[in-house]
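Undergrad: You'll find coords30.cif just under this line, and it carries mmCIF, C-alpha atoms.
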```cif
data_upload
loop_
_atom_site.label_atom_id
_atom_site.label_comp_id
_atom_site.auth_asym_id
_atom_site.auth_seq_id
_atom_site.Cartn_x
_atom_site.Cartn_y
_atom_site.Cartn_z
CA MET A 1 71.81 111.40 56.51
CA SER A 2 74.44 111.85 59.20
CA PHE A 3 74.18 111.82 62.99
CA ARG A 4 76.04 113.75 65.68
CA GLY A 5 77.64 111.89 68.55
CA LEU A 6 79.44 112.97 71.73
CA THR A 7 82.17 110.89 73.33
CA TRP A 8 85.16 111.53 75.60
CA ASP A 9 88.50 112.92 74.58
CA HIS A 10 90.86 109.99 74.96
CA PRO A 11 92.05 107.51 72.30
CA ARG A 12 90.12 104.76 74.11
CA GLY A 13 86.90 106.76 73.93
CA TYR A 14 87.25 108.29 70.48
CA ASN A 15 89.47 106.52 67.96
CA ALA A 16 87.36 103.44 67.26
CA LEU A 17 84.11 105.40 67.08
CA ALA A 18 85.60 107.99 64.73
CA ALA A 19 87.13 105.34 62.48
CA ALA A 20 83.90 103.32 62.33
CA GLY A 21 81.51 106.24 61.99
CA GLY A 22 82.60 107.39 58.54
CA THR A 23 80.05 109.83 57.17
CA LEU A 24 77.16 108.24 59.09
CA VAL A 25 78.16 109.48 62.58
CA VAL A 26 80.32 112.54 63.21
CA TRP A 27 81.78 112.38 66.73
CA ASP A 28 82.59 115.37 68.91
CA ARG A 29 84.68 115.05 72.07
CA HIS A 30 84.64 116.46 75.59
CA PRO A 31 87.00 115.90 78.55
CA LEU A 32 86.65 112.90 80.83
CA GLU A 33 85.16 115.23 83.45
CA GLY A 34 82.51 116.23 80.89
CA PHE A 35 80.46 113.28 82.09
CA GLU A 36 79.72 115.26 85.25
CA SER A 37 79.99 118.85 84.01
CA ARG A 38 76.78 119.13 81.95
CA PRO A 39 73.35 117.58 82.64
CA ILE A 40 72.64 114.62 80.42
CA ALA A 41 69.45 116.27 79.09
CA GLU A 42 71.51 119.19 77.75
CA GLN A 43 73.88 116.81 75.98
CA CYS A 44 70.97 114.90 74.47
CA ALA A 45 69.42 118.11 73.16
CA LEU A 46 72.58 118.66 71.08
CA TYR A 47 73.51 115.10 70.04
CA ASP A 48 71.84 112.04 68.54
CA LEU A 49 74.22 109.60 70.23
CA VAL A 50 75.77 110.19 73.64
CA VAL A 51 78.49 108.09 75.25
CA LEU A 52 77.77 107.95 78.98
CA ASP A 53 78.46 105.86 82.05
CA HIS A 54 75.77 104.04 84.01
CA PRO A 55 75.36 106.44 86.98
CA HIS A 56 73.66 108.86 84.56
CA VAL A 57 70.74 106.61 83.66
CA GLY A 58 68.48 107.66 86.53
CA GLU A 59 68.87 111.31 85.59
CA ALA A 60 68.29 110.45 81.93
CA VAL A 61 65.09 108.56 82.74
CA ALA A 62 63.84 111.38 84.97
CA THR A 63 64.32 113.90 82.14
CA ASP A 64 63.05 111.52 79.42
CA CYS A 65 65.93 112.34 77.08
CA LEU A 66 66.87 108.83 75.85
CA ILE A 67 65.14 106.19 73.76
CA PRO A 68 65.02 102.84 75.59
CA LEU A 69 66.80 100.09 73.69
CA GLU A 70 63.67 97.95 73.87
CA LYS A 71 62.09 100.34 71.34
CA LEU A 72 65.05 99.98 68.97
CA PHE A 73 66.16 96.34 69.16
CA ALA A 74 64.48 92.97 69.47
CA ALA A 75 64.41 91.19 72.81
CA ASP A 76 66.56 88.34 71.50
CA GLU A 77 69.25 90.82 70.43
CA LEU A 78 69.37 92.36 73.90
CA ALA A 79 69.50 88.89 75.47
CA THR A 80 72.41 87.94 73.21
CA TRP A 81 74.34 91.09 74.13
CA ALA A 82 73.64 90.52 77.82
CA MET A 83 75.22 87.08 77.58
CA ALA A 84 78.16 88.37 75.53
CA ALA A 85 79.01 91.38 77.73
CA ILE A 86 81.60 90.85 80.44
CA GLY A 87 80.50 91.27 84.05
CA PRO A 88 77.52 93.58 84.56
CA SER A 89 78.43 95.77 81.57
CA LEU A 90 74.95 95.64 80.00
CA ALA A 91 73.08 95.04 83.26
CA SER A 92 74.39 98.37 84.55
CA TYR A 93 72.24 100.17 81.97
CA LEU A 94 69.05 98.34 83.01
CA TYR A 95 66.97 100.79 85.02
CA ALA A 96 63.20 101.13 85.49
CA ASP A 97 62.80 97.82 83.62
CA GLN A 98 64.44 99.03 80.41
CA HIS A 99 67.96 99.31 78.98
CA TRP A 100 69.29 102.77 78.15
CA ALA A 101 72.69 102.26 76.52
CA LEU A 102 74.70 99.66 74.61
CA PRO A 103 77.91 98.60 76.39
CA LEU A 104 80.64 99.63 74.00
CA ASP A 105 83.51 99.83 76.51
CA ALA A 106 84.11 97.77 79.66
CA ALA A 107 86.22 98.93 82.59
CA THR A 108 86.42 98.75 86.34
CA GLN A 109 88.82 99.73 89.10
CA VAL A 110 91.87 97.48 89.12
CA MET A 111 95.39 97.63 90.53
CA ALA A 112 98.00 99.58 88.54
CA ILE A 113 101.73 99.03 89.08
CA ARG A 114 104.75 100.85 87.70
CA ARG A 115 106.75 98.72 85.25
CA ASP A 116 110.00 99.39 87.09
CA TRP A 117 108.69 97.60 90.19
CA ASN A 118 108.96 93.86 89.63
CA ASP A 119 107.70 92.35 92.87
CA ALA A 120 104.50 90.31 92.96
CA ALA A 121 101.34 92.38 93.26
CA PRO A 122 99.59 92.35 96.63
CA THR A 123 96.32 90.43 96.58
CA THR A 124 94.54 91.61 99.75
CA TRP A 125 93.97 94.97 101.41
CA ALA A 126 96.07 93.80 104.35
CA ASP A 127 98.91 93.18 101.89
CA VAL A 128 98.47 96.68 100.42
CA VAL A 129 98.64 98.35 103.84
CA ALA A 130 101.78 96.37 104.73
CA LEU A 131 103.43 97.22 101.41
CA ALA A 132 102.70 100.93 101.89
CA GLU A 133 105.25 100.93 104.68
CA ARG A 134 107.96 100.18 102.10
CA VAL A 135 106.93 101.75 98.76
CA PRO A 136 104.86 104.79 97.68
CA ILE A 137 101.22 103.75 97.28
CA ALA A 138 98.53 106.25 96.26
CA LEU A 139 94.76 106.17 96.44
CA SER A 140 92.83 107.66 93.51
CA LEU A 141 90.85 110.52 95.09
CA ALA A 142 90.29 113.23 92.44
CA GLY A 143 86.82 114.10 91.19
CA PRO A 144 84.34 111.29 91.95
CA HIS A 145 87.07 108.76 92.69
CA ALA A 146 87.30 109.25 96.46
CA ALA A 147 83.69 108.07 96.79
CA LEU A 148 84.22 105.27 94.28
CA THR A 149 87.30 104.05 96.13
CA PHE A 150 85.37 104.13 99.40
CA GLN A 151 82.46 102.21 97.86
CA SER A 152 84.79 99.58 96.44
CA ILE A 153 86.66 99.04 99.69
CA CYS A 154 83.33 98.65 101.49
CA GLY A 155 82.35 96.11 98.84
CA ALA A 156 85.58 94.20 99.40
CA LEU A 157 85.26 94.15 103.18
CA ALA A 158 81.57 93.24 103.24
CA ALA A 159 80.54 89.60 103.36
CA VAL A 160 78.06 90.44 100.57
CA PRO A 161 77.91 93.47 98.22
CA THR A 162 76.56 96.56 99.97
CA ARG A 163 73.08 97.87 99.21
CA PRO A 164 71.95 101.40 100.10
CA GLY A 165 69.33 101.94 102.79
CA ASP A 166 68.87 104.86 105.15
CA ARG A 167 72.65 105.22 105.03
CA PHE A 168 74.95 104.84 102.06
CA VAL A 169 76.91 102.17 103.94
CA ASP A 170 76.27 100.61 107.37
CA ARG A 171 78.35 102.56 109.84
CA PRO A 172 80.57 99.75 111.25
CA LEU A 173 81.58 98.73 107.72
CA ALA A 174 82.05 102.37 106.71
CA ARG A 175 84.38 102.98 109.67
CA GLU A 176 86.46 99.94 108.72
CA ALA A 177 86.82 101.16 105.13
CA TRP A 178 87.60 104.69 106.31
CA ALA A 179 90.35 103.45 108.64
CA LEU A 180 91.96 101.57 105.75
CA MET A 181 91.86 104.65 103.48
CA ALA A 182 93.24 106.84 106.25
CA ARG A 183 96.23 104.50 106.69
CA LEU A 184 96.93 104.81 102.95
CA THR A 185 96.71 108.63 102.89
CA GLY A 186 100.43 109.25 103.06
CA ASP A 187 102.72 111.42 100.96
CA ALA A 188 102.03 109.52 97.72
CA THR A 189 98.25 109.85 98.07
CA ARG A 190 98.54 113.54 98.92
CA ALA A 191 100.76 114.19 95.90
CA ALA A 192 98.25 112.47 93.60
CA ALA A 193 95.06 113.82 95.19
CA ALA A 194 94.24 116.17 92.30
CA MET A 195 95.09 113.69 89.51
CA ASN A 196 92.29 112.01 87.58
CA PRO A 197 92.99 108.39 86.53
CA ILE A 198 94.55 109.42 83.22
CA ALA A 199 96.93 111.89 84.87
CA LEU A 200 97.83 109.39 87.58
CA LEU A 201 98.53 106.63 85.05
CA GLU A 202 100.58 109.05 82.95
CA ALA A 203 102.71 109.85 86.01
CA MET A 204 103.17 106.17 86.75
CA ALA A 205 104.09 105.51 83.11
CA ALA A 206 106.70 108.28 83.31
CA GLY A 207 108.18 106.76 86.47
CA THR A 208 107.35 109.84 88.54
CA GLY A 209 104.09 108.67 90.09
CA PRO A 210 103.49 106.18 92.89
CA VAL A 211 104.75 102.63 92.61
CA LEU A 212 101.25 101.27 92.97
CA CYS A 213 97.62 102.41 92.95
CA PRO A 214 95.37 99.71 94.40
CA LEU A 215 92.12 100.96 92.80
CA ILE A 216 92.13 102.92 89.57
CA TYR A 217 90.09 102.60 86.40
CA GLY A 218 92.04 100.40 84.02
CA TYR A 219 93.17 101.80 80.67
CA VAL A 220 94.38 99.12 78.30
CA ASN A 221 96.46 101.66 76.37
CA TYR A 222 99.13 101.89 79.08
CA ALA A 223 99.50 98.11 79.29
CA ALA A 224 99.64 97.74 75.51
CA ASN A 225 102.46 100.28 75.41
CA GLY A 226 104.31 98.48 78.21
CA GLN A 227 104.11 101.55 80.45
CA VAL A 228 102.01 100.17 83.32
CA ARG A 229 101.16 96.66 84.44
CA TYR A 230 97.85 95.70 85.99
CA ALA A 231 96.49 93.16 88.45
CA ASP A 232 93.13 92.36 89.99
CA ALA A 233 91.82 94.73 92.65
CA PRO A 234 92.64 93.78 96.24
CA SER A 235 90.22 91.57 98.13
CA GLY A 236 88.90 91.48 101.65
CA ASN A 237 86.05 89.01 101.86
CA ARG A 238 85.75 89.40 98.08
CA ILE A 239 87.14 91.51 95.26
CA GLY A 240 85.72 95.03 95.56
CA SER A 241 85.57 97.28 92.50
CA ALA A 242 83.07 99.82 91.14
CA LEU A 243 82.17 99.24 87.50
CA GLY A 244 83.13 101.94 85.01
CA GLY A 245 83.11 101.70 81.23
CA THR A 246 80.81 103.51 78.85
CA GLY A 247 77.76 102.86 76.72
CA ILE A 248 76.23 104.43 73.64
CA ALA A 249 72.80 105.92 74.27
CA VAL A 250 70.36 107.14 71.62
CA SER A 251 68.78 110.50 72.42
CA ARG A 252 65.16 111.50 71.82
CA ARG A 253 66.45 114.04 69.30
CA ALA A 254 67.68 111.29 66.94
CA LYS A 255 65.64 110.44 63.85
CA VAL A 256 66.64 106.79 63.96
CA THR A 257 67.21 105.02 60.64
CA PRO A 258 67.87 101.35 59.81
CA GLU A 259 71.42 102.37 58.84
CA LEU A 260 72.07 103.79 62.30
CA LEU A 261 70.74 100.67 64.02
CA ASP A 262 72.87 98.44 61.80
CA HIS A 263 75.91 100.53 62.66
CA LEU A 264 75.23 100.10 66.39
CA ARG A 265 74.70 96.38 65.87
CA TRP A 266 78.07 96.15 64.15
CA LEU A 267 79.83 97.91 67.04
CA LEU A 268 78.43 95.18 69.28
CA SER A 269 79.35 92.36 66.93
CA ASP A 270 81.99 89.82 67.82
CA GLU A 271 83.95 90.95 64.75
CA ALA A 272 84.15 94.53 65.98
CA GLN A 273 84.67 93.68 69.63
CA ARG A 274 87.54 91.24 69.07
CA GLY A 275 89.12 92.98 66.10
CA PHE A 276 88.24 96.51 65.10
CA ILE A 277 87.82 98.09 68.53
CA PRO A 278 91.04 96.73 70.09
CA ALA A 279 92.91 97.64 66.89
CA HIS A 280 91.74 101.24 67.30
CA ASP A 281 92.75 101.81 70.94
CA GLY A 282 89.39 100.74 72.35
CA GLN A 283 88.62 98.57 75.37
CA PRO A 284 85.89 96.12 74.29
CA SER A 285 82.92 95.01 76.36
CA PHE A 286 82.58 91.43 75.09
CA ARG A 287 83.87 88.49 77.11
CA SER A 288 85.03 86.91 73.84
CA ALA A 289 87.56 89.75 73.50
CA TRP A 290 88.66 89.69 77.15
CA THR A 291 89.31 85.93 76.95
CA ASN A 292 90.95 85.90 73.51
CA PRO A 293 94.70 85.09 73.79
CA ALA A 294 95.66 87.21 70.79
CA VAL A 295 93.72 90.24 72.02
CA ASP A 296 95.24 89.82 75.49
CA ALA A 297 98.79 89.46 74.16
CA ALA A 298 98.44 92.63 72.08
CA ALA A 299 97.21 94.40 75.23
CA GLY A 300 100.23 93.42 77.30
CA GLY A 301 98.21 90.91 79.32
CA PHE A 302 95.76 93.55 80.56
CA TYR A 303 92.61 91.50 80.05
CA GLY A 304 93.79 88.28 81.62
CA ALA A 305 95.28 90.13 84.58
CA THR A 306 92.05 91.96 85.47
CA ARG A 307 89.24 89.75 84.18
CA ALA A 308 88.26 88.37 87.61
CA THR A 309 87.78 91.92 88.88
CA ILE A 310 85.42 93.05 86.15
CA GLU A 311 83.39 89.85 86.39
CA ALA A 312 82.79 90.66 90.08
CA ALA A 313 82.39 94.45 89.70
CA LEU A 314 79.75 96.36 91.66
CA ILE A 315 77.20 98.59 89.93
CA ARG A 316 77.30 102.17 91.18
CA PRO A 317 74.22 104.13 92.34
CA ARG A 318 72.13 105.18 89.32
CA HIS A 319 69.15 106.99 90.84
CA ASP A 320 68.25 110.52 89.75
CA HIS A 321 70.76 112.89 91.39
CA ALA A 322 73.30 110.05 91.76
CA ILE A 323 75.94 112.28 90.17
CA ALA A 324 75.24 115.08 92.66
CA PHE A 325 75.53 112.59 95.53
CA GLN A 326 78.75 111.13 94.13
CA THR A 327 80.25 114.63 93.81
CA ALA A 328 79.30 115.68 97.35
CA ALA A 329 80.36 112.38 98.95
CA SER A 330 83.68 112.39 97.15
CA ALA A 331 84.45 115.96 98.22
CA ALA A 332 83.68 115.08 101.85
CA ILE A 333 85.82 111.93 101.80
CA ARG A 334 88.75 113.57 100.03
CA ASP A 335 88.72 116.60 102.33
CA GLY A 336 88.39 114.42 105.40
CA LEU A 337 91.32 112.21 104.43
CA LEU A 338 93.62 115.10 103.57
CA ARG A 339 92.72 117.01 106.74
CA GLY A 340 92.76 113.97 108.99
CA LEU A 341 89.19 114.45 110.21
CA PRO A 342 87.49 111.91 112.52
CA ALA A 343 85.70 109.10 110.73
CA ASP A 344 82.19 109.88 111.99
CA VAL A 345 82.43 113.56 111.00
CA VAL A 346 83.08 112.54 107.40
CA LEU A 347 80.66 109.62 107.35
CA ASP A 348 77.89 111.83 108.73
CA ALA A 349 78.51 114.20 105.79
CA VAL A 350 78.38 111.29 103.31
CA ASP A 351 75.10 110.04 104.76
CA ALA A 352 73.65 113.56 104.75
CA ALA A 353 74.50 113.87 101.05
CA TYR A 354 72.93 110.48 100.43
CA SER A 355 69.71 111.50 102.21
CA GLN A 356 69.60 114.76 100.26
CA HIS A 357 70.12 113.23 96.83
CA HIS A 358 68.46 109.82 97.13
CA LEU A 359 64.66 109.85 97.34
CA PRO A 360 63.05 107.03 99.36
CA GLY A 361 62.05 104.19 97.08
CA ALA A 362 64.26 105.36 94.21
CA GLU A 363 66.01 102.70 92.17
CA THR A 364 69.73 102.48 92.61
#
```
Would you give me this structure, written as structure tokens?
TA:
Amino acid sequence: MSFRGLTWDHPRGYNALAAAGGTLVVWDRHPLEGFESRPIAEQCALYDLVVLDHPHVGEAVATDCLIPLEKLFAADELATWAMAAIGPSLASYLYADQHWALPLDAATQVMAIRRDWNDAAPTTWADVVALAERVPIALSLAGPHAALTFQSICGALAAVPTRPGDRFVDRPLAREAWALMARLTGDATRAAAAMNPIALLEAMAAGTGPVLCPLIYGYVNYAANGQVRYADAPSGNRIGSALGGTGIAVSRRAKVTPELLDHLRWLLSDEAQRGFIPAHDGQPSFRSAWTNPAVDAAAGGFYGATRATIEAALIRPRHDHAIAFQTAASAAIRDGLLRGLPADVVLDAVDAAYSQHHLPGAET
């Protein structure tokens, strides 16, 4: 018996899964933006396994299209994986008291730097703003990333991680984050405004993009090839970064077999995480891989350079309609930055989107 899986069309998202799946799991691919382009219930109606990111879990629970991991694996297995996963990689899939995906891939927003720029990386947001007066620095604003950058800067500037209430972010903190983003919306940010993280990193690797992007989802592939170097995300009162990465979810359509469960267990084994996945262009989720000197050396120092950021990463909103909110908020922030709109005009639009798409009492 074989199973159908859906993952994203990048070597990091596909190569290891395809190589490991053999005849048991046949993997199809969709673009990175495919995460937001089709409702998760529609994907689960077509596939047995779906690679997703954690903001989709609320929608998945609302449409009852996934099997909770507690019905597939023993509690001690889940506890072991929770301890092994770096940062909140497994915790991000815990929603409504159950886990909904296995953390195959770990990522968060980090700092990316062109290899032809050899100065020390800035460590604070104040340093980034000062450096922008001398070298081209771009914010990542395309697709959902304007809202994610905003959330992460708020997280860095806050004394404690932000939690949603009547507003997405308390207004004084939101204004401070907005002012920082506005100062960094110069020519380099405008030139990169339509580039998703892959396109932006490709431009940096080619030497045509900005010298530095302070918050962009890290891709180990560019560090392993020596094309881009990475550093921890800038700090304010703390490091601020919105967790990314992906997990493997099992859809209600799947007729689960012991062979499939053993295959998923192997993908989350230390052997696969430290060996097979990095050897096949993947970005593992286990701390044992991120702290392994050989794995780090083969990745051009990517893991050691960004480990503190992923350990401190913030979980993004996961309530039902979180994707719709993220899309609307990002469009408002991006448009406001590029048009130079007043802070409160944009922040009112973000809060209106939050009120529309976040029901009172909903889990985040």
Undergrad: I'd like to see the residues matched by the PyMOL selection byres ((chain A and resi 68-81) around 9) on this file, and ideally I'd get them as a PyMOL selection string.
TA: chain A and resi 66-67+82-85+90+98-103+249-250+256+261+268-269+286
Undergrad: Stretch 138-146 of chain A: which residues within 9 Å, counting all atoms listed in the file, same-chain residues fewer than 3 positions away excluded, as JSON, numbers by chain?
TA: {"A": [33, 132, 149, 150, 151, 181, 184, 185, 186, 187, 188, 189, 190, 191, 192, 193, 194, 195, 196, 197, 200, 209, 210, 211, 212, 213, 214, 215, 216, 323, 326, 327, 328, 329, 330, 331, 332, 333, 334]}
Undergrad: Go ahead and dump the residues you just picked, C-alpha atoms, as a PDB file, in the frame of the given file.
TA:
```
ATOM      1  CA  GLU A  33      85.160 115.230  83.450  1.00  0.00           C
ATOM      2  CA  ALA A 132     102.700 100.930 101.890  1.00  0.00           C
ATOM      3  CA  THR A 149      87.300 104.050  96.130  1.00  0.00           C
ATOM      4  CA  PHE A 150      85.370 104.130  99.400  1.00  0.00           C
ATOM      5  CA  GLN A 151      82.460 102.210  97.860  1.00  0.00           C
ATOM      6  CA  MET A 181      91.860 104.650 103.480  1.00  0.00           C
ATOM      7  CA  LEU A 184      96.930 104.810 102.950  1.00  0.00           C
ATOM      8  CA  THR A 185      96.710 108.630 102.890  1.00  0.00           C
ATOM      9  CA  GLY A 186     100.430 109.250 103.060  1.00  0.00           C
ATOM     10  CA  ASP A 187     102.720 111.420 100.960  1.00  0.00           C
ATOM     11  CA  ALA A 188     102.030 109.520  97.720  1.00  0.00           C
ATOM     12  CA  THR A 189      98.250 109.850  98.070  1.00  0.00           C
ATOM     13  CA  ARG A 190      98.540 113.540  98.920  1.00  0.00           C
ATOM     14  CA  ALA A 191     100.760 114.190  95.900  1.00  0.00           C
ATOM     15  CA  ALA A 192      98.250 112.470  93.600  1.00  0.00           C
ATOM     16  CA  ALA A 193      95.060 113.820  95.190  1.00  0.00           C
ATOM     17  CA  ALA A 194      94.240 116.170  92.300  1.00  0.00           C
ATOM     18  CA  MET A 195      95.090 113.690  89.510  1.00  0.00           C
ATOM     19  CA  ASN A 196      92.290 112.010  87.580  1.00  0.00           C
ATOM     20  CA  PRO A 197      92.990 108.390  86.530  1.00  0.00           C
ATOM     21  CA  LEU A 200      97.830 109.390  87.580  1.00  0.00           C
ATOM     22  CA  GLY A 209     104.090 108.670  90.090  1.00  0.00           C
ATOM     23  CA  PRO A 210     103.490 106.180  92.890  1.00  0.00           C
ATOM     24  CA  VAL A 211     104.750 102.630  92.610  1.00  0.00           C
ATOM     25  CA  LEU A 212     101.250 101.270  92.970  1.00  0.00           C
ATOM     26  CA  CYS A 213      97.620 102.410  92.950  1.00  0.00           C
ATOM     27  CA  PRO A 214      95.370  99.710  94.400  1.00  0.00           C
ATOM     28  CA  LEU A 215      92.120 100.960  92.800  1.00  0.00           C
ATOM     29  CA  ILE A 216      92.130 102.920  89.570  1.00  0.00           C
ATOM     30  CA  ILE A 323      75.940 112.280  90.170  1.00  0.00           C
ATOM     31  CA  GLN A 326      78.750 111.130  94.130  1.00  0.00           C
ATOM     32  CA  THR A 327      80.250 114.630  93.810  1.00  0.00           C
ATOM     33  CA  ALA A 328      79.300 115.680  97.350  1.00  0.00           C
ATOM     34  CA  ALA A 329      80.360 112.380  98.950  1.00  0.00           C
ATOM     35  CA  SER A 330      83.680 112.390  97.150  1.00  0.00           C
ATOM     36  CA  ALA A 331      84.450 115.960  98.220  1.00  0.00           C
ATOM     37  CA  ALA A 332      83.680 115.080 101.850  1.00  0.00           C
ATOM     38  CA  ILE A 333      85.820 111.930 101.800  1.00  0.00           C
ATOM     39  CA  ARG A 334      88.750 113.570 100.030  1.00  0.00           C
TER      40      ARG A 334
END
```
Undergrad: Mind pulling up the distance from atom CA of A:Lys255 to atom CA of A:His10?
TA: 27.6 Å
Undergrad: How big is the axis-aligned box around the listed atoms of stretch 70-76 of chain A once 3 Å is added on each side, and where is its centre? Give both in Å to one decimal, as lines of an AutoDock Vina configuration file.
TA:
```
center_x = 64.3
center_y = 94.3
center_z = 71.4
size_x = 10.5
size_y = 18.0
size_z = 10.9
```
Undergrad: So, with only C-alpha atoms as the atoms that count, which of A:Ala223, A:Ala19, A:Ala349, A:Ala233 lies closest to A:Met111?
TA: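 Checking each candidate against A:Met111, we get A:Ala233 as the closest.
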Undergrad: Starting from the displayed file, determine the output of the PyMOL selection byres ((chain A and resi 304-320) around 8) and express the residue list as an MDAnalysis selection string.
TA: chainID A and resid 54:62 86:88 92 107:110 152 155 161 230:233 239:243 290:291 296 301:303 321:323 357:358 362:364
Undergrad: In Å, how far is it from atom CA of A:Val220 to atom CA of A:Ala126?
TA: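 Between atom CA of A:Val220 and atom CA of A:Ala126 the gap works out to 26.6 Å.
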Undergrad: Could you list, as an NGL selection string, every residue matched by the PyMOL selection byres ((chain A and resi 245) around 6) in this structure?
TA: :A and (105-107 or 244 or 246)
